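Asks: Before we start, here is the structure in question, set down as structure tokens.
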Amino acid sequence: MAIDFTLTTQQRELQLTSRKFAREVLAEARTAELLATPEQRFLATKPTYEAMVAAGYLRKCIPAPAGGDNAGMIDRAILAEEFYGVNPSVTLTMLGSVLGLLPLLLGGTPEQCRRLLAPFLKTSGAPLAAFCSSEPGGSANAASPPPGEGVRTTARREGDNWVINGRKKWVSSATGWNREGADLLTVVCRTDAAAAADSAISIIAVEGPVTGLVFERAIDSLGHRAHLVPQFGLKNVAAPHHNLLGQQGAGLALTAAAFTGTAALVGIFGVALMRAAFSFALDFARSEKRGGVHPIIEHQAVGYALADAKTTIEAARYLSWRACHALDTQSPAAEELSVQAKIFGSEAAVRVITDLMRVVGIDSYDHEAPFSRLLQDALALPIFDGGNLGIRRRQLHTMLKSSDYDPLMASGAA
């Protein structure tokens, strides 16, 4: 039978070494979340991020054909689950940089990849990349025709350069460690004011430090407390004309491809948080009697709640792995499965964590228990990457309306 979820020897080694690194290195960095401001918290994680880079984990997220050590999306998912359940903030800094590189990896020329990927293939320093898509006022309708605004950031050609003007928001690590910009910004912008959205939007790579980047504020987010998501402006930012990624005007398709690649990993983020909550709740139920005679795991209601949580964790993990496999094999079902994995895993995380809080009871409301931070981080997942309401409508609903949609394609029957 073709279906087999058994990890290879190499994948099992990746899982175990990532788990050990997370326990010994990433766990200690959670103290950064106690600092006063978003930038202080982010800067306090820099040594941990440097340790991740030095240990080769950023390279493990960059595909082997591009010079990295990643063998595919499933390997990336294995690593993400082990890291994210221990320290979502620093993990998101690394994987946010991978998202920033995706337009280059998907649409860049060999020359662009050799030149722009170089800092990210080293095992030293703390290189950051950022995918500058979201804008103040929202970007859900980036492809909106007039009178809708769509993408509002513009780039005009001046000699051998693009000159970029606009504002961006919610872009992981975009302003860098020192407000001078990440090492690489991949900026979604309008390169033709008169054309329709599907031929007017492009992605341009901007190398840091960025002259013309105007820091506005670091968002004090509900979760991911030590991860930087700034709001900033781009004022006459210049980039060489040869830093255009892919074809001019094909930026919307390249953006969609990049976010399809990350959707399955958002499902895995949900798995990681549920797994951490389940581990605590299971230990609690095995050891706590709550004034009674028997540990509370002996009670049927508790047993049922734990069983439902564990079932959901396994279902979400394997749906995400299935989506990752579809991406690796370039299956025509990859987009559908990735969106489904994102929706299911992210929404399940919020539900399962709150269900497990009821198992633990009032002590789950204490910051000494992990539930408050797990839930705060989980609440972001259904609104990542355009939000589940939007991707249901713009992606899944659009697929279902298509006259040639095959409901069995995602099952492998086609």
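Here, A, B, ... name the chains of the structure tokens in the order displayed, residue numbers run from 1 inside each chain, and ligands are numbered from 1 in the same displayed order.
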If DSSP is run on the backbone, what residues of stretch 63-179 of chain A are helix (DSSP H, G or I)? A reply as number ranges by chain would be ideal.

Replies: A: 64-66, 73-84, 88-107, 110-116, 118-120

Asks: Could you please write out, as JSON, numbers by chain, every residue of stretch 155-330 of chain A that DSSP assigns to strand (DSSP E)?

Replies: {"A": [155, 156, 157, 158, 161, 162, 163, 164, 165, 166, 167, 168, 169, 184, 185, 186, 187, 188, 189, 190, 201, 202, 203, 204, 205, 206, 207, 213, 214, 215, 216, 217, 218, 230, 231, 232, 233, 234, 235, 236, 237, 238, 239, 240, 244, 245]}

Asks: Would you give me, as a Markdown table, each residue of stretch 325-368 of chain A having an atom within 7 Å of an atom of stretch 395-412 of chain A, along with its shortest atom pair and that distance in Å to one decimal, using only C-alpha atoms and sorting by chain and residue number?

Replies:
```
| residue | atom | partner | partner_atom | distance |
| --- | --- | --- | --- | --- |
| A:Ala333 | CA | A:Ala410 | CA | 5.0 |
| A:Glu336 | CA | A:Leu396 | CA | 6.6 |
| A:Leu337 | CA | A:Ala410 | CA | 6.7 |
```

Asks: Just checking: using only C-alpha atoms, which residue out of A:Val86, A:Ala143, A:Ala194, A:Leu245 ends up closest to A:Leu106?

Replies: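 Closest to A:Leu106 of all the choices is A:Leu245.
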
Asks: Give me, as a list in words, all polymer residues having an atom no more than 6 Å from A:Ala226, counting only C-alpha atoms and skipping those fewer than 4 positions away in the same chain.

Replies: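 Selected residues are Glu33, Arg41, Phe42 and Ser89 of chain A.
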
Asks: Which one of A:Leu116, A:Val53, A:Leu105, A:Ile343 sits closest to A:Thr255 if you count only C-alpha atoms?

Replies: A:Leu105
